[in-house]
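Visitor: Contents of upload21.pdb (PDB, C-alpha atoms and all ligand atoms) are given next:
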```pdb
ATOM      1  CA  MET A 230     -33.862  50.049 -69.382
ATOM      2  CA  SER A 231     -30.076  50.293 -69.104
ATOM      3  CA  GLN A 232     -29.711  49.396 -65.428
ATOM      4  CA  PRO A 233     -26.597  47.273 -64.933
ATOM      5  CA  VAL A 234     -26.936  43.689 -63.820
ATOM      6  CA  ILE A 235     -26.236  43.417 -60.092
ATOM      7  CA  GLY A 236     -25.597  40.400 -57.894
ATOM      8  CA  SER A 237     -29.080  40.178 -56.453
ATOM      9  CA  PHE A 238     -30.505  40.064 -60.001
ATOM     10  CA  VAL A 239     -28.375  37.003 -60.761
ATOM     11  CA  HIS A 240     -29.659  35.277 -57.643
ATOM     12  CA  ALA A 241     -33.268  36.250 -58.361
ATOM     13  CA  TYR A 242     -33.109  35.275 -62.035
ATOM     14  CA  LEU A 243     -32.006  31.746 -61.216
ATOM     15  CA  ILE A 244     -35.040  31.398 -58.970
ATOM     16  CA  CYS A 245     -37.653  33.089 -61.151
ATOM     17  CA  SER A 246     -37.437  35.386 -64.188
ATOM     18  CA  ARG A 247     -40.510  37.296 -63.020
ATOM     19  CA  LYS A 248     -38.773  38.070 -59.736
ATOM     20  CA  VAL A 249     -35.795  39.671 -61.480
ATOM     21  CA  TRP A 250     -38.094  41.784 -63.642
ATOM     22  CA  LEU A 251     -39.985  43.028 -60.543
ATOM     23  CA  MET A 252     -36.754  43.824 -58.702
ATOM     24  CA  SER A 253     -35.218  45.611 -61.671
ATOM     25  CA  HIS A 254     -38.305  47.802 -61.990
ATOM     26  CA  GLN A 255     -38.073  48.830 -58.314
ATOM     27  CA  ILE A 256     -41.313  47.100 -57.423
ATOM     28  CA  CYS A 257     -40.806  46.597 -53.705
ATOM     29  CA  PRO A 258     -41.637  43.248 -52.175
ATOM     30  CA  ASP A 259     -43.515  42.962 -48.908
ATOM     31  CA  GLU A 260     -40.963  44.578 -46.556
ATOM     32  CA  SER A 261     -42.593  42.976 -43.540
ATOM     33  CA  HIS A 262     -42.148  39.513 -45.040
ATOM     34  CA  GLU A 263     -40.804  37.218 -42.333
ATOM     35  CA  LEU A 264     -38.035  35.772 -44.498
ATOM     36  CA  LEU A 265     -36.766  39.164 -45.593
ATOM     37  CA  ARG A 266     -36.425  40.191 -41.955
ATOM     38  CA  ILE A 267     -34.750  36.932 -40.963
ATOM     39  CA  GLY A 268     -32.385  37.165 -43.925
ATOM     40  CA  ARG A 269     -31.304  40.665 -42.950
ATOM     41  CA  LEU A 270     -30.805  39.634 -39.338
ATOM     42  CA  VAL A 271     -28.615  36.712 -40.326
ATOM     43  CA  GLN A 272     -26.562  38.976 -42.544
ATOM     44  CA  ASP A 273     -26.229  41.717 -39.914
ATOM     45  CA  GLN A 274     -25.497  39.557 -36.908
ATOM     46  CA  ALA A 275     -23.825  36.332 -37.989
ATOM     47  CA  TYR A 276     -20.526  37.977 -38.804
ATOM     48  CA  ALA A 277     -21.026  41.203 -36.868
ATOM     49  CA  ARG A 278     -17.427  41.404 -35.648
ATOM     50  CA  GLU A 279     -15.851  40.957 -39.067
ATOM     51  CA  HIS A 280     -18.727  42.303 -41.134
ATOM     52  CA  LYS A 281     -17.515  44.798 -43.690
ATOM     53  CA  GLU A 282     -19.897  45.331 -46.554
ATOM     54  CA  VAL A 283     -17.895  46.732 -49.412
ATOM     55  CA  ARG A 284     -19.345  48.637 -52.337
ATOM     56  CA  ILE A 285     -17.366  48.740 -55.545
ATOM     57  CA  GLU A 286     -19.182  50.406 -58.419
ATOM     58  CA  HIS A 287     -22.393  48.351 -58.853
ATOM     59  CA  LEU A 288     -21.255  45.557 -56.520
ATOM     60  CA  ALA A 289     -22.321  45.212 -52.865
ATOM     61  CA  LEU A 290     -20.120  42.570 -51.282
ATOM     62  CA  ASP A 291     -21.124  41.090 -47.925
ATOM     63  CA  LEU A 292     -17.616  40.443 -46.660
ATOM     64  CA  VAL A 293     -14.174  41.036 -48.054
ATOM     65  CA  CYS A 294     -10.999  39.904 -46.366
ATOM     66  CA  ARG A 295      -7.420  39.221 -47.309
ATOM     67  CA  ALA A 296      -5.935  35.754 -47.450
ATOM     68  CA  GLY A 297      -2.239  36.245 -48.128
ATOM     69  CA  LYS A 298      -1.927  38.092 -51.408
ATOM     70  CA  ASN A 299      -5.476  37.365 -52.480
ATOM     71  CA  PHE A 300      -8.857  38.755 -51.584
ATOM     72  CA  VAL A 301     -11.660  36.517 -50.417
ATOM     73  CA  VAL A 302     -15.172  37.716 -51.125
ATOM     74  CA  ALA A 303     -17.894  36.062 -49.096
ATOM     75  CA  GLU A 304     -21.616  35.993 -49.641
ATOM     76  CA  VAL A 305     -23.804  35.302 -46.590
ATOM     77  CA  LYS A 306     -27.059  33.403 -47.077
ATOM     78  CA  LYS A 307     -29.789  32.352 -44.679
ATOM     79  CA  SER A 308     -29.972  28.857 -46.131
ATOM     80  CA  SER A 309     -28.466  26.707 -48.851
ATOM     81  CA  ARG A 310     -31.898  25.981 -50.336
ATOM     82  CA  ALA A 311     -31.046  27.992 -53.464
ATOM     83  CA  LEU A 312     -27.413  26.857 -53.537
ATOM     84  CA  GLU A 313     -26.929  27.130 -57.313
ATOM     85  CA  ALA A 314     -28.342  30.681 -57.358
ATOM     86  CA  ALA A 315     -26.079  31.686 -54.451
ATOM     87  CA  LYS A 316     -23.068  30.146 -56.191
ATOM     88  CA  MET A 317     -23.775  32.023 -59.420
ATOM     89  CA  GLN A 318     -24.291  35.303 -57.562
ATOM     90  CA  LEU A 319     -20.845  34.897 -56.031
ATOM     91  CA  ALA A 320     -19.352  33.803 -59.377
ATOM     92  CA  PHE A 321     -20.837  36.990 -60.848
ATOM     93  CA  TYR A 322     -19.026  39.092 -58.222
ATOM     94  CA  LEU A 323     -15.734  37.302 -58.928
ATOM     95  CA  TYR A 324     -16.276  37.803 -62.659
ATOM     96  CA  GLU A 325     -17.017  41.523 -62.329
ATOM     97  CA  LEU A 326     -14.045  42.010 -60.007
ATOM     98  CA  LYS A 327     -11.782  40.182 -62.446
ATOM     99  CA  HIS A 328     -12.873  42.613 -65.154
ATOM    100  CA  MET A 329     -11.896  45.478 -62.832
ATOM    101  CA  GLY A 330      -8.446  43.878 -62.457
ATOM    102  CA  ILE A 331      -9.130  42.419 -58.996
ATOM    103  CA  HIS A 332      -8.546  38.699 -58.590
ATOM    104  CA  ALA A 333     -10.470  37.153 -55.724
ATOM    105  CA  GLU A 334     -11.685  33.829 -54.453
ATOM    106  CA  GLY A 335     -15.164  33.271 -53.133
ATOM    107  CA  GLU A 336     -16.796  31.738 -50.089
ATOM    108  CA  LEU A 337     -20.464  31.076 -49.568
ATOM    109  CA  LEU A 338     -21.404  31.251 -45.894
ATOM    110  CA  PHE A 339     -24.509  29.676 -44.378
ATOM    111  CA  PRO A 340     -24.163  30.608 -40.688
ATOM    112  CA  GLU A 341     -27.401  28.954 -39.561
ATOM    113  CA  GLU A 342     -26.226  25.681 -41.097
ATOM    114  CA  LYS A 343     -22.610  26.187 -39.974
ATOM    115  CA  ARG A 344     -21.601  25.536 -43.549
ATOM    116  CA  ARG A 345     -19.265  27.209 -46.003
ATOM    117  CA  GLU A 346     -18.423  26.478 -49.625
ATOM    118  CA  SER A 347     -15.563  27.729 -51.742
ATOM    119  CA  VAL A 348     -16.219  29.155 -55.185
ATOM    120  CA  VAL A 349     -13.424  29.515 -57.702
ATOM    121  CA  LEU A 350     -14.041  31.330 -60.972
ATOM    122  CA  THR A 351     -13.339  28.708 -63.648
ATOM    123  CA  LEU A 352     -13.609  29.314 -67.379
ATOM    124  CA  GLU A 353     -16.840  27.340 -67.358
ATOM    125  CA  LEU A 354     -18.306  29.551 -64.620
ATOM    126  CA  GLU A 355     -17.214  32.685 -66.477
ATOM    127  CA  GLU A 356     -19.089  31.514 -69.578
ATOM    128  CA  LYS A 357     -22.168  30.815 -67.464
ATOM    129  CA  VAL A 358     -21.999  34.283 -65.896
ATOM    130  CA  GLU A 359     -21.733  35.926 -69.324
ATOM    131  CA  ALA A 360     -24.747  33.975 -70.605
ATOM    132  CA  ILE A 361     -26.829  34.750 -67.494
ATOM    133  CA  LYS A 362     -26.043  38.472 -67.743
ATOM    134  CA  GLN A 363     -27.344  38.505 -71.316
ATOM    135  CA  GLU A 364     -30.477  36.572 -70.341
ATOM    136  CA  ILE A 365     -31.170  38.972 -67.454
ATOM    137  CA  LEU A 366     -30.858  42.009 -69.729
ATOM    138  CA  GLN A 367     -33.252  40.329 -72.131
ATOM    139  CA  VAL A 368     -35.857  39.854 -69.373
ATOM    140  CA  THR A 369     -35.450  43.221 -67.658
ATOM    141  CA  SER A 370     -35.675  45.171 -70.911
ATOM    142  CA  GLN A 371     -39.191  43.859 -71.559
ATOM    143  CA  PRO A 372     -42.030  46.327 -70.910
ATOM    144  CA  LEU A 373     -44.013  43.785 -68.893
ATOM    145  CA  PRO A 374     -42.977  41.085 -66.426
ATOM    146  CA  PRO A 375     -43.119  37.427 -67.389
ATOM    147  CA  PRO A 376     -46.349  35.860 -66.067
ATOM    148  CA  PRO A 377     -46.106  34.138 -62.682
ATOM    149  CA  VAL A 378     -45.289  30.461 -62.857
ATOM    150  CA  ARG A 379     -45.523  28.505 -59.640
ATOM    151  CA  ASN A 380     -42.222  27.109 -58.487
ATOM    152  CA  ARG A 381     -40.780  25.667 -55.298
ATOM    153  CA  TYR A 382     -39.661  29.113 -54.079
ATOM    154  CA  CYS A 383     -43.053  30.852 -54.347
ATOM    155  CA  ASN A 384     -44.228  30.033 -50.838
ATOM    156  CA  LYS A 385     -41.144  31.753 -49.347
ATOM    157  CA  CYS A 386     -40.992  34.637 -51.828
ATOM    158  CA  ALA A 387     -41.649  38.197 -50.651
ATOM    159  CA  TYR A 388     -43.505  38.844 -53.941
ATOM    160  CA  ALA A 389     -45.975  35.988 -53.329
ATOM    161  CA  GLU A 390     -48.873  38.312 -52.503
ATOM    162  CA  PHE A 391     -48.104  40.394 -55.561
ATOM    163  CA  CYS A 392     -48.152  37.332 -57.811
ATOM    164  CA  TRP A 393     -50.854  35.205 -56.271
ATOM    165  CA  ALA A 394     -53.248  37.345 -54.192
TER     166      ALA A 394
HETATM  167  S1  LIG B   1     -43.990  34.439 -55.953
HETATM  168 FE1  LIG B   1     -43.210  32.877 -57.345
HETATM  169  S2  LIG B   1     -43.739  33.624 -59.404
HETATM  170 FE2  LIG B   1     -43.878  35.374 -58.015
HETATM  171  S3  LIG B   1     -41.888  36.376 -58.120
HETATM  172 FE3  LIG B   1     -41.843  34.977 -56.363
HETATM  173  S4  LIG B   1     -40.969  33.074 -57.164
HETATM  174 FE4  LIG B   1     -41.646  34.315 -58.935
END
```
Show this structure as structure tokens.
Guide:
Amino acid sequence: MSQPVIGSFVHAYLICSRKVWLMSHQICPDESHELLRIGRLVQDQAYAREHKEVRIEHLALDLVCRAGKNFVVAEVKKSSRALEAAKMQLAFYLYELKHMGIHAEGELLFPEEKRRESVVLTLELEEKVEAIKQEILQVTSQPLPPPPVRNRYCNKCAYAEFCWA
């Protein structure tokens, strides 16, 4: 499978390697799952007035705005429960943009928690992004998904029925 790594894969991989395999093989989660619906609502409504999803090649960016000479790319999340995964997803966007010649800063937005966090692409983060991209390609190129392993995200995961029913 030669599908490029996308931001949602980075987020999913840092939660569960099985989840990223399922997503990359277009196995749809339960679309009626409560948290999927809530997540979409938060994304659609929280920043409705300034919301401008931008697609650049394989990247789907929640919000892009200008701050002086720089761009700020924001990623909107329902909660900060998976903070590290959200941070790496945003770092991935900044990394990919940098390789397209676009320098940007990042902001993680958690509207329900009235919280925001800045993300700056350091050398250390770039190395992490590179390593995670390789690991994701390793997982997604396998013919079968990794077996389910219970983790703290399972009870809120839209694939839960698929894994545990
Ligand atoms: S239910 Fe658990 S094991 Fe299955 S994909 Fe979701 S997080 Fe992974």
Visitor: Which value, in Å to one decimal, gives the distance between atom CA of A:Val378 and atom CA of A:Trp393?
Guide: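 For atom CA of A:Val378 relative to atom CA of A:Trp393, the distance reads 9.8 Å.
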Visitor: Counting all atoms listed in the file, what is within 10 Å of A:Leu251, bar same-chain residues fewer than 3 positions away, as a ChimeraX atom specification?
Guide: /A:238,241,246-248,254-258,369,373-375,388,391
Visitor: Considering only C-alpha atoms, can you say which of A:Tyr322, A:Phe300, A:Trp250, A:Phe339 comes closest to A:Arg284?
Guide: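 Between A:Tyr322, A:Phe300, A:Trp250, A:Phe339, the residue approaching A:Arg284 most closely is A:Tyr322.
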Visitor: Using all atoms of ligand LIG 1 (chain B) that appear in the file, construct an axis-aligned enclosing box with 8 Å of padding on every side and provide its centre coordinates and edge lengths in Å, rounded to one decimal, as JSON.
Guide:
```
{"center_x": -42.5, "center_y": 34.6, "center_z": -57.7, "size_x": 19.0, "size_y": 19.5, "size_z": 19.5}
```
Visitor: Apply the PyMOL selection byres (((chain A and resi 317) around 9) and not hetatm) to the structure shown and report the selected residues as a count of residues only.
Guide: 17
Visitor: For atom CA of A:Ile235 and atom CA of A:His287, quote the distance in Å rounded to one decimal.
Guide: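 Here the two named atoms are 6.4 Å from each other.
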Visitor: Could you give me, as a list in words, the residues within 7 Å of A:Val305, counting only C-alpha atoms and dropping anything in the same chain fewer than 4 positions from it?
Guide: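 What passes the distance filter is Gln272, Asp291, Leu337, Leu338 and Phe339 of chain A.
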Visitor: Nearest to ligand LIG 1 (chain B) among A:Ala311, A:Glu359, A:Leu290, A:Gly335, with distances taken over only C-alpha atoms and all ligand atoms: which residue is it?
Guide: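 Looking at the shortest contact to ligand LIG 1 (chain B), the residue is A:Ala311.
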Visitor: Could you state which residues are captured by the PyMOL selection byres (((chain A and resi 349) around 7) and not hetatm) in this file, as a list of chain:residue names?
Guide: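 Taken on the displayed file, the PyMOL selection byres (((chain A and resi 349) around 7) and not hetatm) yields the residues A:Glu334, A:Gly335, A:Ser347, A:Val348, A:Leu350, A:Thr351.
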Visitor: Can you work out the spacing between atom CA of A:Val234 and atom CA of A:Met252 in Å, to one decimal?
Guide: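 Calculated distance between atom CA of A:Val234 and atom CA of A:Met252 is 11.1 Å.
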Visitor: Taking 3 positions as the minimum chain separation for residues in the same chain, which residues sit within 12 Å of A:Cys294 when counting only C-alpha atoms? Answer as a PDB file with C-alpha atoms, in the coordinates of the input.
Guide:
```
ATOM      1  CA  GLU A 279     -15.851  40.957 -39.067  1.00  0.00           C
ATOM      2  CA  HIS A 280     -18.727  42.303 -41.134  1.00  0.00           C
ATOM      3  CA  LYS A 281     -17.515  44.798 -43.690  1.00  0.00           C
ATOM      4  CA  GLU A 282     -19.897  45.331 -46.554  1.00  0.00           C
ATOM      5  CA  VAL A 283     -17.895  46.732 -49.412  1.00  0.00           C
ATOM      6  CA  LEU A 290     -20.120  42.570 -51.282  1.00  0.00           C
ATOM      7  CA  ASP A 291     -21.124  41.090 -47.925  1.00  0.00           C
ATOM      8  CA  GLY A 297      -2.239  36.245 -48.128  1.00  0.00           C
ATOM      9  CA  LYS A 298      -1.927  38.092 -51.408  1.00  0.00           C
ATOM     10  CA  ASN A 299      -5.476  37.365 -52.480  1.00  0.00           C
ATOM     11  CA  PHE A 300      -8.857  38.755 -51.584  1.00  0.00           C
ATOM     12  CA  VAL A 301     -11.660  36.517 -50.417  1.00  0.00           C
ATOM     13  CA  VAL A 302     -15.172  37.716 -51.125  1.00  0.00           C
ATOM     14  CA  ALA A 303     -17.894  36.062 -49.096  1.00  0.00           C
ATOM     15  CA  GLU A 304     -21.616  35.993 -49.641  1.00  0.00           C
ATOM     16  CA  ALA A 333     -10.470  37.153 -55.724  1.00  0.00           C
ATOM     17  CA  GLU A 334     -11.685  33.829 -54.453  1.00  0.00           C
ATOM     18  CA  GLY A 335     -15.164  33.271 -53.133  1.00  0.00           C
ATOM     19  CA  GLU A 336     -16.796  31.738 -50.089  1.00  0.00           C
TER      20      GLU A 336
END
```
Visitor: Under the rule that all atoms listed in the file are counted, which of A:Ile285, A:Val368, A:Cys386, A:Leu323 is the nearest residue to ligand LIG 1 (chain B)?
Guide: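 Going through A:Ile285, A:Val368, A:Cys386, A:Leu323 one by one, the smallest distance to ligand LIG 1 (chain B) is for A:Cys386.
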Visitor: Given all atoms listed in the file as the basis, pick out the residue of A:Gln363, A:Ser253, A:Gln371, A:Gln232 nearest to ligand LIG 1 (chain B).
Guide: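 Using all atoms listed in the file, the shortest distance to ligand LIG 1 (chain B) belongs to A:Ser253.
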Visitor: Extract, using only C-alpha atoms, all DNA, RNA and protein residues at most 10 Å from A:Ser308, discarding same-chain residues fewer than 5 positions from it, and format them as a ChimeraX atom specification.
Guide: /A:268,271,315,338-344
Visitor: For those residues, write C-alpha atoms to a file as a PDB file, in the coordinates of the input.
Guide:
```pdb
ATOM      1  CA  GLY A 268     -32.385  37.165 -43.925  1.00  0.00           C
ATOM      2  CA  VAL A 271     -28.615  36.712 -40.326  1.00  0.00           C
ATOM      3  CA  ALA A 315     -26.079  31.686 -54.451  1.00  0.00           C
ATOM      4  CA  LEU A 338     -21.404  31.251 -45.894  1.00  0.00           C
ATOM      5  CA  PHE A 339     -24.509  29.676 -44.378  1.00  0.00           C
ATOM      6  CA  PRO A 340     -24.163  30.608 -40.688  1.00  0.00           C
ATOM      7  CA  GLU A 341     -27.401  28.954 -39.561  1.00  0.00           C
ATOM      8  CA  GLU A 342     -26.226  25.681 -41.097  1.00  0.00           C
ATOM      9  CA  LYS A 343     -22.610  26.187 -39.974  1.00  0.00           C
ATOM     10  CA  ARG A 344     -21.601  25.536 -43.549  1.00  0.00           C
TER      11      ARG A 344
END
```
Visitor: From the set A:Met329, A:Leu288, A:Cys383, A:Ala296, which residue has the shortest atom-to-atom contact distance to ligand LIG 1 (chain B), counting only C-alpha atoms and all ligand atoms?
Guide: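 Closest to ligand LIG 1 (chain B) of all the choices is A:Cys383.
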Visitor: Could you check the closest approach to ligand LIG 1 (chain B) for each of A:Ile244, A:Leu352, A:Ala360, A:Ala394 and tell me which residue wins, using all atoms listed in the file?
Guide: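 Smallest separation from ligand LIG 1 (chain B) among the options: A:Ile244.
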Visitor: Since the input is missing atoms, can you rebuild N, CA and C atoms for stretch 329-364 of chain A and write them as a PDB file, in the coordinates of the input?
Guide:
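Contents of rebuild_27.pdb, as written:
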```pdb
ATOM      1  N   MET A 329     -12.417  44.209 -63.379  1.00  0.00           N
ATOM      2  CA  MET A 329     -11.896  45.478 -62.832  1.00  0.00           C
ATOM      3  C   MET A 329     -10.418  45.314 -62.470  1.00  0.00           C
ATOM      4  N   GLY A 330      -9.860  44.125 -62.751  1.00  0.00           N
ATOM      5  CA  GLY A 330      -8.446  43.878 -62.457  1.00  0.00           C
ATOM      6  C   GLY A 330      -8.203  43.372 -61.044  1.00  0.00           C
ATOM      7  N   ILE A 331      -9.279  42.919 -60.375  1.00  0.00           N
ATOM      8  CA  ILE A 331      -9.130  42.419 -58.996  1.00  0.00           C
ATOM      9  C   ILE A 331      -9.383  40.915 -58.990  1.00  0.00           C
ATOM     10  N   HIS A 332      -8.371  40.157 -58.630  1.00  0.00           N
ATOM     11  CA  HIS A 332      -8.546  38.699 -58.590  1.00  0.00           C
ATOM     12  C   HIS A 332      -8.910  38.285 -57.167  1.00  0.00           C
ATOM     13  N   ALA A 333      -9.991  37.552 -57.056  1.00  0.00           N
ATOM     14  CA  ALA A 333     -10.470  37.153 -55.724  1.00  0.00           C
ATOM     15  C   ALA A 333     -11.001  35.726 -55.777  1.00  0.00           C
ATOM     16  N   GLU A 334     -11.027  35.125 -54.594  1.00  0.00           N
ATOM     17  CA  GLU A 334     -11.685  33.829 -54.453  1.00  0.00           C
ATOM     18  C   GLU A 334     -12.986  34.064 -53.706  1.00  0.00           C
ATOM     19  N   GLY A 335     -13.868  33.085 -53.765  1.00  0.00           N
ATOM     20  CA  GLY A 335     -15.164  33.271 -53.133  1.00  0.00           C
ATOM     21  C   GLY A 335     -15.477  32.253 -52.057  1.00  0.00           C
ATOM     22  N   GLU A 336     -16.289  32.676 -51.105  1.00  0.00           N
ATOM     23  CA  GLU A 336     -16.796  31.738 -50.089  1.00  0.00           C
ATOM     24  C   GLU A 336     -18.262  32.011 -49.870  1.00  0.00           C
ATOM     25  N   LEU A 337     -19.049  30.967 -49.934  1.00  0.00           N
ATOM     26  CA  LEU A 337     -20.464  31.076 -49.568  1.00  0.00           C
ATOM     27  C   LEU A 337     -20.589  30.692 -48.115  1.00  0.00           C
ATOM     28  N   LEU A 338     -21.267  31.520 -47.323  1.00  0.00           N
ATOM     29  CA  LEU A 338     -21.404  31.251 -45.894  1.00  0.00           C
ATOM     30  C   LEU A 338     -22.870  31.050 -45.536  1.00  0.00           C
ATOM     31  N   PHE A 339     -23.150  29.966 -44.842  1.00  0.00           N
ATOM     32  CA  PHE A 339     -24.509  29.676 -44.378  1.00  0.00           C
ATOM     33  C   PHE A 339     -24.436  29.528 -42.859  1.00  0.00           C
ATOM     34  N   PRO A 340     -24.430  30.663 -42.142  1.00  0.00           N
ATOM     35  CA  PRO A 340     -24.163  30.608 -40.688  1.00  0.00           C
ATOM     36  C   PRO A 340     -25.150  29.736 -39.916  1.00  0.00           C
ATOM     37  N   GLU A 341     -26.422  29.757 -40.313  1.00  0.00           N
ATOM     38  CA  GLU A 341     -27.401  28.954 -39.561  1.00  0.00           C
ATOM     39  C   GLU A 341     -27.146  27.463 -39.731  1.00  0.00           C
ATOM     40  N   GLU A 342     -26.508  27.100 -40.834  1.00  0.00           N
ATOM     41  CA  GLU A 342     -26.226  25.681 -41.097  1.00  0.00           C
ATOM     42  C   GLU A 342     -24.777  25.345 -40.758  1.00  0.00           C
ATOM     43  N   LYS A 343     -24.051  26.348 -40.266  1.00  0.00           N
ATOM     44  CA  LYS A 343     -22.610  26.187 -39.974  1.00  0.00           C
ATOM     45  C   LYS A 343     -21.897  25.550 -41.167  1.00  0.00           C
ATOM     46  N   ARG A 344     -22.138  26.117 -42.318  1.00  0.00           N
ATOM     47  CA  ARG A 344     -21.601  25.536 -43.549  1.00  0.00           C
ATOM     48  C   ARG A 344     -20.947  26.622 -44.389  1.00  0.00           C
ATOM     49  N   ARG A 345     -19.872  26.276 -45.060  1.00  0.00           N
ATOM     50  CA  ARG A 345     -19.265  27.209 -46.003  1.00  0.00           C
ATOM     51  C   ARG A 345     -18.800  26.451 -47.237  1.00  0.00           C
ATOM     52  N   GLU A 346     -18.830  27.110 -48.370  1.00  0.00           N
ATOM     53  CA  GLU A 346     -18.423  26.478 -49.625  1.00  0.00           C
ATOM     54  C   GLU A 346     -17.519  27.429 -50.386  1.00  0.00           C
ATOM     55  N   SER A 347     -16.457  26.899 -50.939  1.00  0.00           N
ATOM     56  CA  SER A 347     -15.563  27.729 -51.742  1.00  0.00           C
ATOM     57  C   SER A 347     -16.076  27.828 -53.166  1.00  0.00           C
ATOM     58  N   VAL A 348     -15.871  28.976 -53.772  1.00  0.00           N
ATOM     59  CA  VAL A 348     -16.219  29.155 -55.185  1.00  0.00           C
ATOM     60  C   VAL A 348     -15.002  29.742 -55.890  1.00  0.00           C
ATOM     61  N   VAL A 349     -14.563  29.038 -56.908  1.00  0.00           N
ATOM     62  CA  VAL A 349     -13.424  29.515 -57.702  1.00  0.00           C
ATOM     63  C   VAL A 349     -13.951  29.808 -59.103  1.00  0.00           C
ATOM     64  N   LEU A 350     -13.544  30.925 -59.651  1.00  0.00           N
ATOM     65  CA  LEU A 350     -14.041  31.330 -60.972  1.00  0.00           C
ATOM     66  C   LEU A 350     -13.301  30.563 -62.068  1.00  0.00           C
ATOM     67  N   THR A 351     -13.926  29.474 -62.539  1.00  0.00           N
ATOM     68  CA  THR A 351     -13.339  28.708 -63.648  1.00  0.00           C
ATOM     69  C   THR A 351     -13.813  29.318 -64.966  1.00  0.00           C
ATOM     70  N   LEU A 352     -13.199  28.857 -66.050  1.00  0.00           N
ATOM     71  CA  LEU A 352     -13.609  29.314 -67.379  1.00  0.00           C
ATOM     72  C   LEU A 352     -15.082  28.971 -67.624  1.00  0.00           C
ATOM     73  N   GLU A 353     -15.448  27.787 -67.180  1.00  0.00           N
ATOM     74  CA  GLU A 353     -16.840  27.340 -67.358  1.00  0.00           C
ATOM     75  C   GLU A 353     -17.812  28.275 -66.613  1.00  0.00           C
ATOM     76  N   LEU A 354     -17.438  28.633 -65.398  1.00  0.00           N
ATOM     77  CA  LEU A 354     -18.306  29.551 -64.620  1.00  0.00           C
ATOM     78  C   LEU A 354     -18.366  30.925 -65.282  1.00  0.00           C
ATOM     79  N   GLU A 355     -17.222  31.373 -65.799  1.00  0.00           N
ATOM     80  CA  GLU A 355     -17.214  32.685 -66.477  1.00  0.00           C
ATOM     81  C   GLU A 355     -18.182  32.688 -67.649  1.00  0.00           C
ATOM     82  N   GLU A 356     -18.182  31.598 -68.423  1.00  0.00           N
ATOM     83  CA  GLU A 356     -19.089  31.514 -69.578  1.00  0.00           C
ATOM     84  C   GLU A 356     -20.551  31.525 -69.114  1.00  0.00           C
ATOM     85  N   LYS A 357     -20.794  30.835 -68.011  1.00  0.00           N
ATOM     86  CA  LYS A 357     -22.168  30.815 -67.464  1.00  0.00           C
ATOM     87  C   LYS A 357     -22.589  32.207 -67.034  1.00  0.00           C
ATOM     88  N   VAL A 358     -21.683  32.923 -66.358  1.00  0.00           N
ATOM     89  CA  VAL A 358     -21.999  34.283 -65.896  1.00  0.00           C
ATOM     90  C   VAL A 358     -22.321  35.175 -67.090  1.00  0.00           C
ATOM     91  N   GLU A 359     -21.492  35.099 -68.126  1.00  0.00           N
ATOM     92  CA  GLU A 359     -21.733  35.926 -69.324  1.00  0.00           C
ATOM     93  C   GLU A 359     -23.111  35.642 -69.900  1.00  0.00           C
ATOM     94  N   ALA A 360     -23.454  34.353 -70.019  1.00  0.00           N
ATOM     95  CA  ALA A 360     -24.747  33.975 -70.605  1.00  0.00           C
ATOM     96  C   ALA A 360     -25.896  34.472 -69.729  1.00  0.00           C
ATOM     97  N   ILE A 361     -25.758  34.328 -68.410  1.00  0.00           N
ATOM     98  CA  ILE A 361     -26.829  34.750 -67.494  1.00  0.00           C
ATOM     99  C   ILE A 361     -27.016  36.263 -67.549  1.00  0.00           C
ATOM    100  N   LYS A 362     -25.922  37.000 -67.646  1.00  0.00           N
ATOM    101  CA  LYS A 362     -26.043  38.472 -67.743  1.00  0.00           C
ATOM    102  C   LYS A 362     -26.857  38.861 -68.976  1.00  0.00           C
ATOM    103  N   GLN A 363     -26.594  38.202 -70.085  1.00  0.00           N
ATOM    104  CA  GLN A 363     -27.344  38.505 -71.316  1.00  0.00           C
ATOM    105  C   GLN A 363     -28.820  38.153 -71.145  1.00  0.00           C
ATOM    106  N   GLU A 364     -29.082  37.004 -70.531  1.00  0.00           N
ATOM    107  CA  GLU A 364     -30.477  36.572 -70.341  1.00  0.00           C
ATOM    108  C   GLU A 364     -31.219  37.550 -69.426  1.00  0.00           C
TER     109      GLU A 364
END
```
